[in-house]
$ cat my_file_15.cif   # mmCIF, N, CA and C atoms
data_start
#
loop_
_atom_site.label_atom_id
_atom_site.label_comp_id
_atom_site.auth_asym_id
_atom_site.auth_seq_id
_atom_site.Cartn_x
_atom_site.Cartn_y
_atom_site.Cartn_z
N GLN A 21 -7.18 25.81 21.51
CA GLN A 21 -6.15 25.78 20.49
C GLN A 21 -5.92 24.34 20.06
N VAL A 22 -5.92 24.12 18.76
CA VAL A 22 -5.69 22.79 18.20
C VAL A 22 -4.23 22.68 17.81
N ARG A 23 -3.61 21.59 18.22
CA ARG A 23 -2.21 21.36 17.89
C ARG A 23 -2.08 20.02 17.20
N LEU A 24 -1.38 20.03 16.07
CA LEU A 24 -1.14 18.80 15.32
C LEU A 24 0.36 18.63 15.16
N VAL A 25 0.86 17.45 15.47
CA VAL A 25 2.29 17.19 15.38
C VAL A 25 2.52 15.92 14.60
N GLU A 26 3.20 16.07 13.45
CA GLU A 26 3.49 14.92 12.60
C GLU A 26 4.83 14.29 12.98
N SER A 27 4.95 13.02 12.66
CA SER A 27 6.22 12.31 12.81
C SER A 27 6.21 11.13 11.85
N GLY A 28 7.40 10.57 11.62
CA GLY A 28 7.50 9.36 10.81
C GLY A 28 8.06 9.55 9.42
N GLY A 29 8.34 10.78 9.04
CA GLY A 29 8.91 10.99 7.72
C GLY A 29 10.36 10.54 7.67
N GLY A 30 10.93 10.58 6.46
CA GLY A 30 12.33 10.20 6.33
C GLY A 30 12.67 9.83 4.91
N LEU A 31 13.82 9.21 4.77
CA LEU A 31 14.32 8.77 3.46
C LEU A 31 14.08 7.28 3.31
N VAL A 32 13.52 6.89 2.20
CA VAL A 32 13.23 5.48 1.96
C VAL A 32 13.49 5.17 0.49
N GLN A 33 13.87 3.95 0.20
CA GLN A 33 14.11 3.55 -1.18
C GLN A 33 12.79 3.26 -1.88
N PRO A 34 12.77 3.37 -3.20
CA PRO A 34 11.56 3.02 -3.95
C PRO A 34 11.11 1.60 -3.61
N GLY A 35 9.80 1.45 -3.43
CA GLY A 35 9.25 0.17 -3.03
C GLY A 35 9.16 -0.02 -1.54
N GLY A 36 9.74 0.88 -0.79
CA GLY A 36 9.73 0.78 0.67
C GLY A 36 8.46 1.32 1.28
N SER A 37 8.45 1.32 2.61
CA SER A 37 7.26 1.76 3.35
C SER A 37 7.63 2.75 4.44
N LEU A 38 6.68 3.60 4.76
CA LEU A 38 6.78 4.51 5.89
C LEU A 38 5.41 4.64 6.52
N ARG A 39 5.42 4.94 7.81
CA ARG A 39 4.16 5.20 8.50
C ARG A 39 4.23 6.57 9.15
N LEU A 40 3.36 7.46 8.71
CA LEU A 40 3.29 8.79 9.30
C LEU A 40 2.27 8.79 10.43
N SER A 41 2.58 9.55 11.46
CA SER A 41 1.66 9.70 12.58
C SER A 41 1.37 11.17 12.81
N CYS A 42 0.17 11.46 13.24
CA CYS A 42 -0.21 12.82 13.58
C CYS A 42 -0.89 12.79 14.94
N ALA A 43 -0.26 13.43 15.89
CA ALA A 43 -0.82 13.49 17.24
C ALA A 43 -1.59 14.79 17.39
N THR A 44 -2.80 14.69 17.89
CA THR A 44 -3.64 15.87 18.06
C THR A 44 -3.78 16.21 19.54
N SER A 45 -4.19 17.44 19.77
CA SER A 45 -4.35 17.88 21.15
C SER A 45 -5.74 17.54 21.70
N ARG A 46 -6.54 16.87 20.88
CA ARG A 46 -7.85 16.41 21.33
C ARG A 46 -8.22 15.17 20.54
N SER A 47 -9.25 14.47 20.98
CA SER A 47 -9.67 13.26 20.28
C SER A 47 -10.00 13.56 18.82
N VAL A 48 -9.62 12.65 17.94
CA VAL A 48 -9.89 12.85 16.51
C VAL A 48 -11.39 12.94 16.25
N LEU A 49 -12.20 12.37 17.13
CA LEU A 49 -13.64 12.40 16.94
C LEU A 49 -14.22 13.79 17.20
N ASN A 50 -13.40 14.69 17.76
CA ASN A 50 -13.86 16.06 17.94
C ASN A 50 -13.87 16.83 16.61
N PHE A 51 -13.24 16.28 15.60
CA PHE A 51 -13.18 16.93 14.30
C PHE A 51 -14.18 16.30 13.34
N ASP A 52 -14.62 17.08 12.38
CA ASP A 52 -15.47 16.52 11.33
C ASP A 52 -14.66 15.63 10.39
N GLY A 53 -13.38 15.87 10.33
CA GLY A 53 -12.52 15.04 9.52
C GLY A 53 -11.07 15.36 9.73
N MET A 54 -10.23 14.43 9.33
CA MET A 54 -8.78 14.66 9.38
C MET A 54 -8.18 14.05 8.13
N GLY A 55 -7.01 14.55 7.76
CA GLY A 55 -6.42 14.03 6.56
C GLY A 55 -4.95 14.34 6.45
N TRP A 56 -4.39 13.89 5.35
CA TRP A 56 -2.99 14.13 5.02
C TRP A 56 -2.92 14.79 3.65
N TYR A 57 -2.17 15.85 3.58
CA TYR A 57 -1.89 16.54 2.34
C TYR A 57 -0.39 16.45 2.09
N ARG A 58 0.00 16.73 0.85
CA ARG A 58 1.42 16.78 0.55
C ARG A 58 1.69 17.90 -0.45
N GLN A 59 2.92 18.38 -0.38
CA GLN A 59 3.35 19.42 -1.31
C GLN A 59 4.77 19.15 -1.75
N ALA A 60 4.91 18.94 -3.05
CA ALA A 60 6.23 18.73 -3.64
C ALA A 60 6.76 20.08 -4.12
N PRO A 61 8.08 20.22 -4.27
CA PRO A 61 8.66 21.49 -4.72
C PRO A 61 8.06 21.93 -6.04
N GLY A 62 7.62 23.17 -6.10
CA GLY A 62 7.06 23.73 -7.32
C GLY A 62 5.65 23.30 -7.63
N LYS A 63 5.04 22.56 -6.73
CA LYS A 63 3.68 22.08 -6.96
C LYS A 63 2.74 22.57 -5.86
N GLU A 64 1.46 22.52 -6.16
CA GLU A 64 0.47 22.92 -5.18
C GLU A 64 0.25 21.79 -4.16
N ARG A 65 -0.22 22.19 -3.00
CA ARG A 65 -0.55 21.20 -1.98
C ARG A 65 -1.76 20.40 -2.44
N GLU A 66 -1.70 19.07 -2.25
CA GLU A 66 -2.81 18.22 -2.69
C GLU A 66 -3.22 17.27 -1.57
N LEU A 67 -4.50 16.94 -1.59
CA LEU A 67 -5.03 16.00 -0.62
C LEU A 67 -4.57 14.59 -0.99
N VAL A 68 -4.00 13.90 -0.02
CA VAL A 68 -3.56 12.53 -0.23
C VAL A 68 -4.64 11.55 0.25
N ALA A 69 -5.13 11.78 1.46
CA ALA A 69 -6.16 10.91 2.03
C ALA A 69 -6.83 11.64 3.18
N ASP A 70 -8.11 11.37 3.36
CA ASP A 70 -8.77 11.89 4.54
C ASP A 70 -9.79 10.90 5.05
N ILE A 71 -10.20 11.14 6.30
CA ILE A 71 -11.16 10.27 6.96
C ILE A 71 -12.12 11.15 7.75
N THR A 72 -13.39 10.91 7.58
CA THR A 72 -14.39 11.72 8.28
C THR A 72 -14.64 11.15 9.67
N SER A 73 -15.36 11.90 10.48
CA SER A 73 -15.68 11.43 11.82
C SER A 73 -16.52 10.16 11.76
N GLY A 74 -17.22 9.96 10.64
CA GLY A 74 -18.01 8.75 10.48
C GLY A 74 -17.21 7.58 9.93
N GLY A 75 -15.93 7.83 9.64
CA GLY A 75 -15.07 6.74 9.18
C GLY A 75 -14.96 6.60 7.68
N ARG A 76 -15.61 7.49 6.94
CA ARG A 76 -15.51 7.41 5.48
C ARG A 76 -14.15 7.93 5.04
N THR A 77 -13.51 7.20 4.13
CA THR A 77 -12.18 7.57 3.66
C THR A 77 -12.21 7.99 2.19
N ASN A 78 -11.22 8.76 1.85
CA ASN A 78 -11.08 9.26 0.48
C ASN A 78 -9.60 9.33 0.17
N TYR A 79 -9.23 8.89 -1.04
CA TYR A 79 -7.82 8.84 -1.41
C TYR A 79 -7.57 9.51 -2.75
N LEU A 80 -6.40 10.10 -2.86
CA LEU A 80 -5.90 10.57 -4.14
C LEU A 80 -5.75 9.35 -5.04
N GLU A 81 -6.15 9.47 -6.28
CA GLU A 81 -6.12 8.32 -7.20
C GLU A 81 -4.73 7.70 -7.27
N ALA A 82 -3.71 8.52 -7.25
CA ALA A 82 -2.34 8.04 -7.42
C ALA A 82 -1.84 7.19 -6.26
N VAL A 83 -2.53 7.23 -5.12
CA VAL A 83 -2.06 6.46 -3.96
C VAL A 83 -3.00 5.33 -3.59
N LYS A 84 -4.10 5.20 -4.30
CA LYS A 84 -5.06 4.14 -3.98
C LYS A 84 -4.40 2.77 -4.09
N GLY A 85 -4.65 1.94 -3.09
CA GLY A 85 -4.06 0.61 -3.07
C GLY A 85 -2.68 0.57 -2.46
N ARG A 86 -2.07 1.74 -2.24
CA ARG A 86 -0.73 1.78 -1.66
C ARG A 86 -0.74 2.44 -0.27
N PHE A 87 -1.58 3.45 -0.09
CA PHE A 87 -1.64 4.19 1.17
C PHE A 87 -2.93 3.85 1.90
N THR A 88 -2.84 3.87 3.23
CA THR A 88 -4.02 3.63 4.06
C THR A 88 -4.05 4.63 5.21
N ILE A 89 -5.17 5.32 5.36
CA ILE A 89 -5.34 6.25 6.47
C ILE A 89 -6.15 5.56 7.55
N SER A 90 -5.75 5.81 8.80
CA SER A 90 -6.48 5.22 9.93
C SER A 90 -6.38 6.17 11.11
N ARG A 91 -7.14 5.90 12.13
CA ARG A 91 -7.15 6.77 13.31
C ARG A 91 -7.30 5.91 14.56
N ASP A 92 -6.86 6.48 15.68
CA ASP A 92 -6.96 5.76 16.94
C ASP A 92 -6.82 6.77 18.07
N GLY A 93 -7.91 7.00 18.79
CA GLY A 93 -7.84 7.93 19.91
C GLY A 93 -7.55 9.34 19.46
N ALA A 94 -6.36 9.81 19.77
CA ALA A 94 -5.96 11.16 19.41
C ALA A 94 -4.89 11.16 18.34
N LYS A 95 -4.82 10.12 17.53
CA LYS A 95 -3.82 10.05 16.47
C LYS A 95 -4.44 9.62 15.15
N VAL A 96 -3.85 10.13 14.10
CA VAL A 96 -4.20 9.71 12.75
C VAL A 96 -2.92 9.23 12.08
N TYR A 97 -3.05 8.16 11.29
CA TYR A 97 -1.88 7.55 10.68
C TYR A 97 -2.04 7.50 9.17
N LEU A 98 -0.90 7.47 8.49
CA LEU A 98 -0.88 7.23 7.05
C LEU A 98 0.17 6.16 6.79
N GLN A 99 -0.29 4.96 6.49
CA GLN A 99 0.61 3.88 6.14
C GLN A 99 0.87 3.96 4.64
N MET A 100 2.14 4.10 4.28
CA MET A 100 2.51 4.27 2.88
C MET A 100 3.37 3.10 2.45
N ASN A 101 2.87 2.32 1.52
CA ASN A 101 3.59 1.16 1.00
C ASN A 101 3.91 1.38 -0.47
N SER A 102 4.83 0.58 -0.98
CA SER A 102 5.22 0.64 -2.40
C SER A 102 5.50 2.07 -2.81
N LEU A 103 6.30 2.75 -2.03
CA LEU A 103 6.57 4.17 -2.29
C LEU A 103 7.33 4.37 -3.59
N LYS A 104 7.01 5.47 -4.24
CA LYS A 104 7.61 5.83 -5.51
C LYS A 104 8.32 7.18 -5.39
N PRO A 105 9.28 7.45 -6.24
CA PRO A 105 9.96 8.75 -6.18
C PRO A 105 8.98 9.93 -6.26
N GLU A 106 7.91 9.76 -7.00
CA GLU A 106 6.93 10.85 -7.12
C GLU A 106 6.12 11.08 -5.86
N ASP A 107 6.29 10.23 -4.86
CA ASP A 107 5.65 10.45 -3.56
C ASP A 107 6.47 11.41 -2.69
N THR A 108 7.64 11.76 -3.17
CA THR A 108 8.50 12.68 -2.42
C THR A 108 7.82 14.03 -2.25
N ALA A 109 7.70 14.48 -1.01
CA ALA A 109 7.02 15.74 -0.71
C ALA A 109 7.07 15.99 0.79
N VAL A 110 6.66 17.17 1.18
CA VAL A 110 6.39 17.44 2.59
C VAL A 110 4.93 17.05 2.85
N TYR A 111 4.72 16.22 3.83
CA TYR A 111 3.39 15.75 4.17
C TYR A 111 2.87 16.50 5.39
N TYR A 112 1.64 16.99 5.27
CA TYR A 112 1.03 17.79 6.32
C TYR A 112 -0.22 17.11 6.86
N CYS A 113 -0.34 17.10 8.15
CA CYS A 113 -1.55 16.63 8.80
C CYS A 113 -2.57 17.77 8.83
N ASN A 114 -3.80 17.43 8.58
CA ASN A 114 -4.88 18.42 8.56
C ASN A 114 -6.05 17.94 9.41
N ALA A 115 -6.66 18.86 10.10
CA ALA A 115 -7.89 18.57 10.84
C ALA A 115 -8.88 19.69 10.55
N TYR A 116 -10.15 19.36 10.46
CA TYR A 116 -11.12 20.40 10.16
C TYR A 116 -12.44 20.12 10.85
N PHE A 117 -13.19 21.18 11.05
CA PHE A 117 -14.57 21.03 11.47
C PHE A 117 -15.36 22.20 10.89
N TYR A 118 -16.64 22.01 10.82
CA TYR A 118 -17.53 23.02 10.28
C TYR A 118 -18.21 23.75 11.42
N TYR A 119 -18.20 25.06 11.33
CA TYR A 119 -18.85 25.89 12.32
C TYR A 119 -19.59 26.99 11.58
N ASP A 120 -20.89 27.06 11.78
CA ASP A 120 -21.69 28.06 11.06
C ASP A 120 -21.51 27.94 9.55
N PHE A 121 -21.48 26.70 9.05
CA PHE A 121 -21.36 26.40 7.62
C PHE A 121 -20.02 26.80 7.05
N THR A 122 -19.07 27.12 7.89
CA THR A 122 -17.74 27.49 7.44
C THR A 122 -16.74 26.45 7.91
N ARG A 123 -15.92 25.99 6.98
CA ARG A 123 -14.91 25.00 7.33
C ARG A 123 -13.72 25.70 7.96
N ARG A 124 -13.26 25.15 9.07
CA ARG A 124 -12.07 25.67 9.74
C ARG A 124 -11.00 24.59 9.71
N ASP A 125 -9.85 24.94 9.19
CA ASP A 125 -8.75 24.01 9.03
C ASP A 125 -7.61 24.30 9.99
N TYR A 126 -7.00 23.21 10.42
CA TYR A 126 -5.80 23.29 11.25
C TYR A 126 -4.72 22.43 10.61
N TRP A 127 -3.47 22.86 10.74
CA TRP A 127 -2.36 22.19 10.07
C TRP A 127 -1.21 21.90 11.01
N GLY A 128 -0.54 20.79 10.71
CA GLY A 128 0.70 20.51 11.39
C GLY A 128 1.84 21.22 10.68
N GLN A 129 3.05 21.04 11.18
CA GLN A 129 4.20 21.74 10.64
C GLN A 129 4.79 21.03 9.42
N GLY A 130 4.39 19.80 9.18
CA GLY A 130 4.86 19.05 8.03
C GLY A 130 6.02 18.13 8.36
N THR A 131 6.10 17.04 7.61
CA THR A 131 7.22 16.11 7.75
C THR A 131 7.68 15.68 6.36
N GLN A 132 8.98 15.69 6.14
CA GLN A 132 9.54 15.41 4.82
C GLN A 132 9.57 13.92 4.56
N VAL A 133 9.09 13.54 3.39
CA VAL A 133 9.20 12.16 2.90
C VAL A 133 9.99 12.21 1.60
N THR A 134 11.08 11.48 1.56
CA THR A 134 11.92 11.43 0.37
C THR A 134 12.07 9.98 -0.07
N VAL A 135 11.70 9.73 -1.32
CA VAL A 135 11.79 8.38 -1.87
C VAL A 135 12.86 8.41 -2.95
N SER A 136 13.97 7.76 -2.65
CA SER A 136 15.11 7.83 -3.57
C SER A 136 16.04 6.66 -3.32
N SER A 137 16.69 6.22 -4.39
CA SER A 137 17.67 5.15 -4.26
C SER A 137 19.07 5.74 -4.11
#
$ encode --input "my_file_15.cif" --output "structure tokens"
Amino acid sequence: QVRLVESGGGLVQPGGSLRLSCATSRSVLNFDGMGWYRQAPGKERELVADITSGGRTNYLEAVKGRFTISRDGAKVYLQMNSLKPEDTAVYYCNAYFYYDFTRRDYWGQGTQVTVSS
């Protein structure tokens, strides 16, 4: 059983920073990739950033240059700088691996990020 637990969300003013953490029940290298998604009210869930087991990263265009995904042992992080009100959403940690050509996804419970003055 894979368990993902996020932490680090909260309320921050525009221009501020937050660091999200995702603790996994196994080494991050056991997954083909891990990432962060977000979902704002009334909107679909979208990929914010992900990192493959080989270390390749991918970012949503809107967060490039402001957010950084990293990993260490059994944790994945999302450093968020220069936050904007439009970054307000529930952020979810995701882990996946491929088995028999089928992608299997695992999700955390989500952590709220609110950017407001």
$ atom_distance --input "my_file_15.cif" --atom1 "CA of Glu81 (chain A)" --atom2 "CA of Phe51 (chain A)"
24.2 Å
$ atom_distance --input "my_file_15.cif" --atom1 "atom N of Gly30 (chain A)" --atom2 "CA of Glu66 (chain A)"
18.2 Å
$ select_by_dssp --input "my_file_15.cif" --residues "region 31-117 of chain A" --states "strand (DSSP E)" --output "number ranges by chain"
A: 31-32, 38-44, 53-59, 66-72, 77-79, 87-92, 95-100, 109-117
$ closest_residue --input "my_file_15.cif" --among "A:Ser47, A:Pro105, A:Val96, A:Ser41" --to "Gly29 (chain A)" --atoms "all atoms listed in the file"
A:Ser41
$ select_by_dssp --input "my_file_15.cif" --residues "region 49-124 of chain A" --states "helix (DSSP H, G or I)" --output "list in words"
Leu49, Asn50, Glu81, Ala82, Val83, Pro105, Glu106 and Asp107 of chain A
$ resolve_selection --input "my_file_15.cif" --expression "the PyMOL selection byres ((chain A and resi 44) around 5)" --output "count of residues only"
8
$ atom_distance --input "my_file_15.cif" --atom1 "atom C of Gln33 (chain A)" --atom2 "CA of Leu103 (chain A)"
6.3 Å
$ residues_near_point --input "my_file_15.cif" --point "(-6.3, 18.4, -0.9)" --cutoff "8 Å" --atoms "only N, CA and C atoms" --output "VMD selection string"
chain A and resid 56 to 58 65 to 69
$ residues_around --input "my_file_15.cif" --residues "Ala115 (chain A)" --least-positions-apart "3" --cutoff "7 Å" --atoms "only C-alpha atoms" --output "list in words"
Phe51, Gly53, Met54, Gly55, Asp125, Tyr126 and Trp127 of chain A
$ closest_residue --input "my_file_15.cif" --among "A:Ser27, A:Thr77, A:Asn50, A:Gln59" --to "Ile89 (chain A)" --atoms "all atoms listed in the file"
A:Thr77
$ closest_residue --input "my_file_15.cif" --among "A:Pro61, A:Gly35, A:Gly74, A:Gly128" --to "Ser102 (chain A)" --atoms "all atoms listed in the file"
A:Gly35
$ resolve_selection --input "my_file_15.cif" --expression "the PyMOL selection byres (((chain A and resi 135 and name CA) around 8) and name CA)" --output "list in words"
Leu31, Val32, Gln33, Pro34, Leu103, Lys104, Pro105, Glu106, Asp107, Thr108, Val133, Thr134, Ser136 and Ser137 of chain A
$ residues_around --input "my_file_15.cif" --residues "Gln99 (chain A)" --least-positions-apart "4" --cutoff "8 Å" --atoms "all atoms listed in the file" --output "PyMOL selection string"
chain A and resi 37-41+86-90
$ closest_residue --input "my_file_15.cif" --among "A:Leu49, A:Val83, A:Ala60, A:Met100" --to "Tyr116 (chain A)" --atoms "only C-alpha atoms"
A:Leu49
$ axis_aligned_box --input "my_file_15.cif" --around "region 71-83 of chain A" --padding-each-side "4 Å" --output "JSON"
{"center_x": -9.9, "center_y": 8.6, "center_z": 2.2, "size_x": 24.2, "size_y": 14.6, "size_z": 27.2}
$ resolve_selection --input "my_file_15.cif" --expression "the PyMOL selection byres (((chain A and resi 129 and name CA) around 9) and name CA)" --output "PyMOL selection string"
chain A and resi 24-26+111-113+127-128+130-131
$ write_last_selection --input "my_file_15.cif" --atoms "N, CA and C atoms" --output "PDB file, in the coordinates of the input"
ATOM      1  N   LEU A  24      -1.380  20.030  16.070  1.00  0.00           N
ATOM      2  CA  LEU A  24      -1.140  18.800  15.320  1.00  0.00           C
ATOM      3  C   LEU A  24       0.360  18.630  15.160  1.00  0.00           C
ATOM      4  N   VAL A  25       0.860  17.450  15.470  1.00  0.00           N
ATOM      5  CA  VAL A  25       2.290  17.190  15.380  1.00  0.00           C
ATOM      6  C   VAL A  25       2.520  15.920  14.600  1.00  0.00           C
ATOM      7  N   GLU A  26       3.200  16.070  13.450  1.00  0.00           N
ATOM      8  CA  GLU A  26       3.490  14.920  12.600  1.00  0.00           C
ATOM      9  C   GLU A  26       4.830  14.290  12.980  1.00  0.00           C
ATOM     10  N   TYR A 111       4.720  16.220   3.830  1.00  0.00           N
ATOM     11  CA  TYR A 111       3.390  15.750   4.170  1.00  0.00           C
ATOM     12  C   TYR A 111       2.870  16.500   5.390  1.00  0.00           C
ATOM     13  N   TYR A 112       1.640  16.990   5.270  1.00  0.00           N
ATOM     14  CA  TYR A 112       1.030  17.790   6.320  1.00  0.00           C
ATOM     15  C   TYR A 112      -0.220  17.110   6.860  1.00  0.00           C
ATOM     16  N   CYS A 113      -0.340  17.100   8.150  1.00  0.00           N
ATOM     17  CA  CYS A 113      -1.550  16.630   8.800  1.00  0.00           C
ATOM     18  C   CYS A 113      -2.570  17.770   8.830  1.00  0.00           C
ATOM     19  N   TRP A 127      -3.470  22.860  10.740  1.00  0.00           N
ATOM     20  CA  TRP A 127      -2.360  22.190  10.070  1.00  0.00           C
ATOM     21  C   TRP A 127      -1.210  21.900  11.010  1.00  0.00           C
ATOM     22  N   GLY A 128      -0.540  20.790  10.710  1.00  0.00           N
ATOM     23  CA  GLY A 128       0.700  20.510  11.390  1.00  0.00           C
ATOM     24  C   GLY A 128       1.840  21.220  10.680  1.00  0.00           C
ATOM     25  N   GLY A 130       4.390  19.800   9.180  1.00  0.00           N
ATOM     26  CA  GLY A 130       4.860  19.050   8.030  1.00  0.00           C
ATOM     27  C   GLY A 130       6.020  18.130   8.360  1.00  0.00           C
ATOM     28  N   THR A 131       6.100  17.040   7.610  1.00  0.00           N
ATOM     29  CA  THR A 131       7.220  16.110   7.750  1.00  0.00           C
ATOM     30  C   THR A 131       7.680  15.680   6.360  1.00  0.00           C
TER      31      THR A 131
END
$ decode --input "my_file_15.cif" --residues "region 67-102 of chain A" --atoms "C-alpha atoms" --output "short mmCIF file (atom, residue, chain, number, x, y, z; two decimals), in the first residue's frame"
data_model
loop_
_atom_site.label_atom_id
_atom_site.label_comp_id
_atom_site.auth_asym_id
_atom_site.auth_seq_id
_atom_site.Cartn_x
_atom_site.Cartn_y
_atom_site.Cartn_z
CA LEU A 67 -0.37 19.20 -13.20
CA VAL A 68 1.85 21.79 -11.55
CA ALA A 69 5.20 20.00 -11.63
CA ASP A 70 6.57 16.51 -11.77
CA ILE A 71 9.89 14.74 -11.58
CA THR A 72 10.75 11.36 -13.04
CA SER A 73 12.88 8.70 -11.42
CA GLY A 74 15.65 9.87 -13.74
CA GLY A 75 15.39 13.39 -12.41
CA ARG A 76 13.71 15.02 -15.40
CA THR A 77 11.33 17.80 -14.37
CA ASN A 78 8.30 19.30 -16.01
CA TYR A 79 6.40 22.43 -15.01
CA LEU A 80 3.11 24.08 -15.77
CA GLU A 81 3.90 27.15 -17.87
CA ALA A 82 2.24 29.46 -15.35
CA VAL A 83 4.63 28.44 -12.56
CA LYS A 84 7.91 28.24 -14.45
CA GLY A 85 10.59 30.30 -12.77
CA ARG A 86 8.58 30.52 -9.54
CA PHE A 87 8.11 26.90 -8.41
CA THR A 88 10.75 24.21 -7.99
CA ILE A 89 10.15 20.50 -7.46
CA SER A 90 12.78 18.40 -5.71
CA ARG A 91 13.09 15.09 -3.94
CA ASP A 92 15.12 13.57 -1.14
CA GLY A 93 14.89 10.02 0.13
CA ALA A 94 11.22 9.41 0.78
CA LYS A 95 10.02 12.99 0.31
CA VAL A 96 9.12 15.24 -2.55
CA TYR A 97 8.99 19.01 -2.19
CA LEU A 98 7.46 21.93 -4.02
CA GLN A 99 9.09 25.26 -3.30
CA MET A 100 6.70 28.01 -4.30
CA ASN A 101 7.98 31.57 -4.58
CA SER A 102 6.39 34.80 -5.79
#
